[in-house]
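**Q** Once you've had a glance at the structure underneath, I'll fire off some questions.
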Amino acid sequence: MDLNLDPRGRQRVAAMASQSSSPVPMLTYHELRAAGLDTPTIRNLIAAGDLTRRGRGVYLPWLSERSDPMIVRIFEHNTASSGSAHVYTHTSAALIWGLSVWRARPLVHVAHSSRRGDAGPAGDVVRHNQRIPETELRLVDGLRVTSLERTIIDCARLLPFEQAVVIADSGLARGARPDLLRELVAEGRATRGIRNVRTALQAADGRAESPAETRFRLLLDEWNLPQPELQVWIQTAEGRYRVDFAWSSRRIVIEVHGYAKYFDYGPIDTKVAEQRTREAGLLTSGWRVLNVYWPELDNVGVLRRKVSDFIRTPHAALGV
């Protein structure tokens, strides 16, 4: 279909998106009109896929890289709520910080200190009627969010244990300060759900590099199996490799593979080839290797037997 689309309209939208400091540039109807685009041109840009209407008077330019739908939704909410003194909290703040958020409900969490009686859900937006101290506020990608430490604690109050530890691990890896976490708990910031917060923080470990590694580590704790060393460097004839979990005295390694391990950083064939080379190097150097894949983490009974048998099987070279 010929939309009679003026190429200058497309160029203006691309320029506006590229000039935005936001990773998810949202454009309002008034901004588009101010850039010289009339209503028919805007409609044609929507029909051509250059713009997507995300709400009343709010548009998302076409992005060459796909963004997390919840991140897009948060920026859409922020654009539509321009002028209101709101702060993104809980899992919304975690996503803005770039933390790993696993199985959380697709909700936008926002705190308003001045909207009395206006708390609770409204569609997919959960409004928390609370005042966030200035010392616990940060500006990330142009959005007002709770600090990294406050975000971890808020999520631990709200989420089940496993999901809370995934976020806590990710936050510690991102640079959250353990001393500030302890201070926030001691000061009573997490009065409601304080036991859940303490339990999650005690289990957290910033060395985890993915939700898969966090979940597997928690399962090892639950199963009372010998505790491994985390993120261990091993020298082989083929090179030096860092492994997820190692029992050095037994010369065994467990590698945990999440979805992102294959698809986020390169073509699947390349990643598989790299894994095989790495594993061959470890085997040649006298290590036994067990691979655990993301879907197996949901089949706990079968995985427990697989891992227990592997750890307890004597190493032929060592007799242990």
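By convention in this document, the chains of the structure tokens carry letters A, B, ... by their order, each chain's residues are numbered from 1, and ligands are numbered from 1 in the order they are shown.
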Where in range 173-267 of chain A does DSSP assign strand (DSSP E), given as a PyMOL selection string?
**A** chain A and resi 229-236+239-247+252-257
**Q** Write out as a ChimeraX atom specification which residues come within 12 Å of Ala85 in chain A when counting only C-alpha atoms, dropping same-chain ones fewer than 4 positions away.
**A** /A:78,81,110-115,129-132,143-145
**Q** Could you please take those selected residues and save all heavy atoms as a CSV table (one decimal), in the first residue's frame?
**A**
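The new file again05.csv reads:
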chain,number,residue,atom,x,y,z
A,78,ASN,N,6.0,7.0,32.4
A,78,ASN,CA,6.7,8.2,32.8
A,78,ASN,C,6.3,9.4,31.9
A,78,ASN,O,6.1,10.5,32.3
A,78,ASN,CB,8.2,8.0,32.8
A,78,ASN,CG,9.0,9.1,33.4
A,78,ASN,OD1,8.8,9.4,34.6
A,78,ASN,ND2,9.8,9.8,32.6
A,81,SER,N,2.9,10.6,32.5
A,81,SER,CA,2.7,11.1,33.9
A,81,SER,C,3.6,12.4,34.1
A,81,SER,O,3.9,12.7,35.2
A,81,SER,CB,3.1,10.1,35.0
A,81,SER,OG,2.3,8.9,34.8
A,110,VAL,N,5.0,2.5,41.4
A,110,VAL,CA,5.3,3.9,41.5
A,110,VAL,C,4.8,4.4,42.9
A,110,VAL,O,3.8,4.1,43.4
A,110,VAL,CB,4.7,4.7,40.4
A,110,VAL,CG1,3.2,4.6,40.3
A,110,VAL,CG2,5.1,6.1,40.4
A,111,ALA,N,5.7,5.2,43.5
A,111,ALA,CA,5.3,5.9,44.8
A,111,ALA,C,5.0,7.3,44.6
A,111,ALA,O,5.7,8.0,43.9
A,111,ALA,CB,6.5,5.7,45.8
A,112,HIS,N,3.9,7.7,45.2
A,112,HIS,CA,3.5,9.2,45.2
A,112,HIS,C,3.4,9.6,46.7
A,112,HIS,O,2.6,9.0,47.4
A,112,HIS,CB,2.1,9.3,44.5
A,112,HIS,CG,2.1,9.1,43.1
A,112,HIS,ND1,2.4,10.1,42.2
A,112,HIS,CD2,1.9,8.0,42.4
A,112,HIS,CE1,2.3,9.6,40.9
A,112,HIS,NE2,2.0,8.3,41.0
A,113,SER,N,4.2,10.6,47.1
A,113,SER,CA,4.1,11.0,48.5
A,113,SER,C,3.0,12.0,48.7
A,113,SER,O,2.6,12.2,49.9
A,113,SER,CB,5.4,11.7,48.8
A,113,SER,OG,5.7,12.8,48.0
A,114,SER,N,2.4,12.5,47.7
A,114,SER,CA,1.4,13.6,47.9
A,114,SER,C,0.0,13.2,47.6
A,114,SER,O,-0.9,14.0,47.6
A,114,SER,CB,1.8,14.8,47.0
A,114,SER,OG,1.8,14.5,45.7
A,115,ARG,N,-0.2,11.9,47.2
A,115,ARG,CA,-1.6,11.5,46.7
A,115,ARG,C,-2.2,10.6,47.8
A,115,ARG,O,-2.2,9.4,47.8
A,115,ARG,CB,-1.5,10.7,45.4
A,115,ARG,CG,-0.9,11.6,44.3
A,115,ARG,CD,-0.8,10.8,43.0
A,115,ARG,NE,-2.1,10.5,42.5
A,115,ARG,CZ,-2.3,9.9,41.3
A,115,ARG,NH1,-1.2,9.7,40.5
A,115,ARG,NH2,-3.5,9.6,40.9
A,129,ASN,N,1.5,4.7,48.4
A,129,ASN,CA,1.4,6.0,49.0
A,129,ASN,C,2.4,6.1,50.1
A,129,ASN,O,2.2,5.8,51.3
A,129,ASN,CB,0.0,6.2,49.6
A,129,ASN,CG,-0.3,7.6,50.1
A,129,ASN,OD1,0.6,8.5,50.0
A,129,ASN,ND2,-1.4,7.8,50.8
A,130,GLN,N,3.6,6.5,49.7
A,130,GLN,CA,4.7,6.6,50.7
A,130,GLN,C,5.7,7.7,50.2
A,130,GLN,O,5.8,8.0,49.1
A,130,GLN,CB,5.4,5.3,50.8
A,130,GLN,CG,6.0,4.7,49.5
A,130,GLN,CD,6.6,3.4,49.6
A,130,GLN,OE1,6.4,2.5,48.7
A,130,GLN,NE2,7.3,3.1,50.7
A,131,ARG,N,6.4,8.2,51.2
A,131,ARG,CA,7.4,9.2,50.9
A,131,ARG,C,8.8,8.6,51.0
A,131,ARG,O,9.1,7.9,52.0
A,131,ARG,CB,7.4,10.4,52.0
A,131,ARG,CG,8.4,11.5,51.7
A,131,ARG,CD,8.3,12.6,52.8
A,131,ARG,NE,7.0,13.2,52.7
A,131,ARG,CZ,6.7,14.2,51.9
A,131,ARG,NH1,7.6,14.6,51.0
A,131,ARG,NH2,5.5,14.7,51.9
A,132,ILE,N,9.5,8.7,49.9
A,132,ILE,CA,10.9,8.1,49.8
A,132,ILE,C,11.9,9.2,50.2
A,132,ILE,O,11.9,10.3,49.6
A,132,ILE,CB,11.2,7.6,48.4
A,132,ILE,CG1,10.1,6.7,47.8
A,132,ILE,CG2,12.5,6.9,48.4
A,132,ILE,CD1,9.9,5.4,48.6
A,143,LEU,N,14.9,8.8,35.0
A,143,LEU,CA,13.7,8.4,35.8
A,143,LEU,C,14.1,8.4,37.3
A,143,LEU,O,15.2,8.0,37.7
A,143,LEU,CB,13.3,7.0,35.4
A,143,LEU,CG,12.9,6.7,34.0
A,143,LEU,CD1,12.6,5.2,33.8
A,143,LEU,CD2,11.7,7.5,33.6
A,144,ARG,N,13.2,8.9,38.1
A,144,ARG,CA,13.4,8.9,39.6
A,144,ARG,C,13.1,7.5,40.1
A,144,ARG,O,12.0,7.0,39.9
A,144,ARG,CB,12.5,10.0,40.2
A,144,ARG,CG,13.0,11.4,40.1
A,144,ARG,CD,11.9,12.4,40.3
A,144,ARG,NE,11.1,12.2,41.5
A,144,ARG,CZ,11.4,12.7,42.7
A,144,ARG,NH1,12.5,13.4,42.8
A,144,ARG,NH2,10.7,12.5,43.7
A,145,VAL,N,14.1,6.9,40.8
A,145,VAL,CA,13.9,5.6,41.3
A,145,VAL,C,14.5,5.5,42.7
A,145,VAL,O,15.3,6.4,43.1
A,145,VAL,CB,14.7,4.5,40.4
A,145,VAL,CG1,14.1,4.6,39.0
A,145,VAL,CG2,16.2,4.8,40.4
**Q** Determine which residues of range 50-197 of chain A receive a DSSP assignment of helix (DSSP H, G or I), computed from the backbone, and state them as a PyMOL selection string.
**A** chain A and resi 69-80+90-97+134-136+148-158+161-174+178-186+194-197
**Q** Using only C-alpha atoms, tabulate the residues of range 151-180 of chain A lying at most 8 Å from any atom of range 195-208 of chain A, each with its closest atom pair and that distance in Å to one decimal, by chain and increasing residue number, as JSON lines.
**A**
{"residue": "A:Ile153", "atom": "CA", "partner": "A:Val197", "partner_atom": "CA", "distance": 6.2}
{"residue": "A:Ala156", "atom": "CA", "partner": "A:Val197", "partner_atom": "CA", "distance": 5.0}
{"residue": "A:Arg157", "atom": "CA", "partner": "A:Val197", "partner_atom": "CA", "distance": 5.8}
{"residue": "A:Phe161", "atom": "CA", "partner": "A:Ala200", "partner_atom": "CA", "distance": 6.2}
{"residue": "A:Ala164", "atom": "CA", "partner": "A:Ala200", "partner_atom": "CA", "distance": 6.3}
{"residue": "A:Val165", "atom": "CA", "partner": "A:Ala200", "partner_atom": "CA", "distance": 5.4}
{"residue": "A:Val166", "atom": "CA", "partner": "A:Ala204", "partner_atom": "CA", "distance": 7.9}
{"residue": "A:Ala168", "atom": "CA", "partner": "A:Ala204", "partner_atom": "CA", "distance": 5.8}
{"residue": "A:Asp169", "atom": "CA", "partner": "A:Gly206", "partner_atom": "CA", "distance": 4.6}
{"residue": "A:Ser170", "atom": "CA", "partner": "A:Gly206", "partner_atom": "CA", "distance": 6.4}
{"residue": "A:Gly171", "atom": "CA", "partner": "A:Gly206", "partner_atom": "CA", "distance": 7.3}
{"residue": "A:Leu172", "atom": "CA", "partner": "A:Gly206", "partner_atom": "CA", "distance": 4.6}
{"residue": "A:Ala173", "atom": "CA", "partner": "A:Gly206", "partner_atom": "CA", "distance": 4.5}
**Q** With a distance cut-off of 12 Å and only C-alpha atoms, select the neighbouring residues of Ala15 in chain A, excluding the residue or stretch itself and same-chain residues fewer than 3 positions from it, and output the selection as a compact mmCIF listing (two decimals) with all heavy atoms, in the first residue's frame.
**A**
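Writing the result to around.txt gives the following:
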# COMPACT_ATOMS: atom_id res chain seq x y z
N ARG A 8 10.80 13.01 4.87
CA ARG A 8 11.28 13.94 5.88
C ARG A 8 10.63 13.67 7.24
O ARG A 8 11.25 13.91 8.28
CB ARG A 8 10.99 15.37 5.44
CG ARG A 8 11.86 15.83 4.27
CD ARG A 8 11.45 17.19 3.77
NE ARG A 8 10.06 17.17 3.27
CZ ARG A 8 9.44 18.24 2.77
NH1 ARG A 8 10.07 19.41 2.72
NH2 ARG A 8 8.21 18.15 2.32
N GLY A 9 9.40 13.17 7.24
CA GLY A 9 8.75 12.82 8.49
C GLY A 9 9.47 11.70 9.20
O GLY A 9 9.73 11.74 10.41
N ARG A 10 9.84 10.68 8.43
CA ARG A 10 10.59 9.56 9.00
C ARG A 10 11.94 10.03 9.52
O ARG A 10 12.39 9.60 10.59
CB ARG A 10 10.76 8.49 7.92
CG ARG A 10 11.58 7.29 8.33
CD ARG A 10 11.54 6.22 7.25
NE ARG A 10 10.25 5.55 7.21
CZ ARG A 10 9.81 4.84 6.17
NH1 ARG A 10 10.56 4.76 5.07
NH2 ARG A 10 8.65 4.22 6.22
N GLN A 11 12.59 10.90 8.79
CA GLN A 11 13.90 11.41 9.20
C GLN A 11 13.79 12.22 10.49
O GLN A 11 14.65 12.12 11.37
CB GLN A 11 14.50 12.26 8.08
CG GLN A 11 14.89 11.47 6.84
CD GLN A 11 15.16 12.36 5.63
OE1 GLN A 11 15.11 13.60 5.74
NE2 GLN A 11 15.43 11.75 4.49
N ARG A 12 12.71 12.99 10.62
CA ARG A 12 12.53 13.80 11.84
C ARG A 12 12.29 12.92 13.06
O ARG A 12 12.84 13.18 14.13
CB ARG A 12 11.37 14.78 11.65
CG ARG A 12 11.71 15.93 10.69
CD ARG A 12 10.49 16.76 10.40
NE ARG A 12 10.79 17.79 9.39
CZ ARG A 12 9.87 18.53 8.80
NH1 ARG A 12 8.59 18.37 9.11
NH2 ARG A 12 10.22 19.44 7.90
N SER A 18 17.07 9.63 18.22
CA SER A 18 18.52 9.54 18.43
C SER A 18 19.02 10.61 19.39
O SER A 18 20.03 10.43 20.07
CB SER A 18 19.26 9.66 17.09
OG SER A 18 19.06 10.94 16.52
N GLN A 19 18.31 11.75 19.46
CA GLN A 19 18.73 12.84 20.34
C GLN A 19 18.26 12.66 21.78
O GLN A 19 18.68 13.37 22.68
CB GLN A 19 18.21 14.17 19.79
CG GLN A 19 18.87 14.59 18.49
CD GLN A 19 18.14 15.73 17.80
OE1 GLN A 19 17.21 16.30 18.35
NE2 GLN A 19 18.56 16.05 16.58
N SER A 20 17.37 11.70 21.98
CA SER A 20 16.85 11.46 23.32
C SER A 20 17.91 10.81 24.19
O SER A 20 18.65 9.94 23.74
CB SER A 20 15.60 10.57 23.26
OG SER A 20 15.19 10.22 24.56
N PRO A 25 13.13 6.02 23.94
CA PRO A 25 12.61 7.37 23.69
C PRO A 25 11.11 7.36 23.38
O PRO A 25 10.66 6.75 22.42
CB PRO A 25 13.41 7.83 22.47
CG PRO A 25 13.81 6.57 21.78
CD PRO A 25 14.00 5.54 22.86
N LEU A 27 7.84 9.73 22.47
CA LEU A 27 7.53 11.02 21.89
C LEU A 27 6.06 11.33 22.08
O LEU A 27 5.21 10.45 21.89
CB LEU A 27 7.87 11.02 20.39
CG LEU A 27 9.31 10.63 20.02
CD1 LEU A 27 9.47 10.59 18.51
CD2 LEU A 27 10.32 11.58 20.64
N LEU A 32 5.79 15.86 18.44
CA LEU A 32 5.78 15.55 17.01
C LEU A 32 5.25 16.73 16.21
O LEU A 32 5.80 17.08 15.16
CB LEU A 32 4.93 14.31 16.75
CG LEU A 32 5.49 12.99 17.31
CD1 LEU A 32 4.45 11.88 17.21
CD2 LEU A 32 6.76 12.58 16.58
N ALA A 35 7.74 19.42 15.94
CA ALA A 35 8.81 19.09 15.00
C ALA A 35 8.37 19.24 13.55
O ALA A 35 9.14 18.95 12.62
CB ALA A 35 9.28 17.66 15.24
N PRO A 61 8.98 5.39 18.92
CA PRO A 61 9.61 5.23 17.59
C PRO A 61 10.07 3.79 17.39
O PRO A 61 10.34 3.08 18.36
CB PRO A 61 10.81 6.18 17.65
CG PRO A 61 10.57 7.08 18.80
CD PRO A 61 9.74 6.30 19.77
N TRP A 62 10.15 3.38 16.15
CA TRP A 62 10.66 2.05 15.85
C TRP A 62 12.09 1.93 16.36
O TRP A 62 12.92 2.82 16.15
CB TRP A 62 10.64 1.79 14.35
CG TRP A 62 11.16 0.43 13.99
CD1 TRP A 62 10.46 -0.73 13.98
CD2 TRP A 62 12.49 0.10 13.58
NE1 TRP A 62 11.25 -1.77 13.61
CE2 TRP A 62 12.52 -1.31 13.36
CE3 TRP A 62 13.66 0.83 13.40
CZ2 TRP A 62 13.65 -1.97 12.95
CZ3 TRP A 62 14.81 0.16 13.00
CH2 TRP A 62 14.79 -1.23 12.77
**Q** Just to confirm, what's the straight-line distance from CA of Asn299 in chain A to CA of Ile252 in chain A in Å (one decimal)?
**A**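 Calculated distance between CA of Asn299 in chain A and CA of Ile252 in chain A is 22.4 Å.
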**Q** Using only C-alpha atoms for the distances, tell me which of A:Leu99, A:Gly175, A:Arg304, A:Thr28 is nearest to Asp221 in chain A.
**A**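 Counting only C-alpha atoms, the residue closest to Asp221 in chain A is A:Arg304.
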**Q** If I take CA of Gly188 in chain A and CA of Glu136 in chain A, how far is one from the other in Å, to one decimal?
**A**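 If I compute the distance from CA of Gly188 in chain A to CA of Glu136 in chain A, I get 13.8 Å.
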**Q** What does the distance from CA of Glu76 in chain A to CA of Ala104 in chain A come to in Å, to one decimal?
**A** 19.0 Å
**Q** Rank A:Val58, A:Val256, A:Ala246, A:Ala17 by their smallest atom-to-atom distance to Trp287 in chain A, using only C-alpha atoms, and report the top residue only.
**A** A:Ala246
**Q** For Glu238 in chain A, work out the shell of residues within 9 Å, counting only C-alpha atoms and skipping chain neighbours fewer than 4 positions away, then give it as a list in words.
**A** Thr277, Arg278, Ala280, Gly281 and Leu282 of chain A
**Q** Export, as a short mmCIF file (atom, residue, chain, number, x, y, z; two decimals), in the first residue's frame, the selected residues with C-alpha atoms.
**A**
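File written: part14.cif
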data_model
loop_
_atom_site.label_atom_id
_atom_site.label_comp_id
_atom_site.auth_asym_id
_atom_site.auth_seq_id
_atom_site.Cartn_x
_atom_site.Cartn_y
_atom_site.Cartn_z
CA THR A 277 36.06 -26.37 23.46
CA ARG A 278 35.90 -25.24 27.07
CA ALA A 280 37.18 -30.52 26.29
CA GLY A 281 39.91 -28.47 27.91
CA LEU A 282 38.56 -29.18 31.39
#
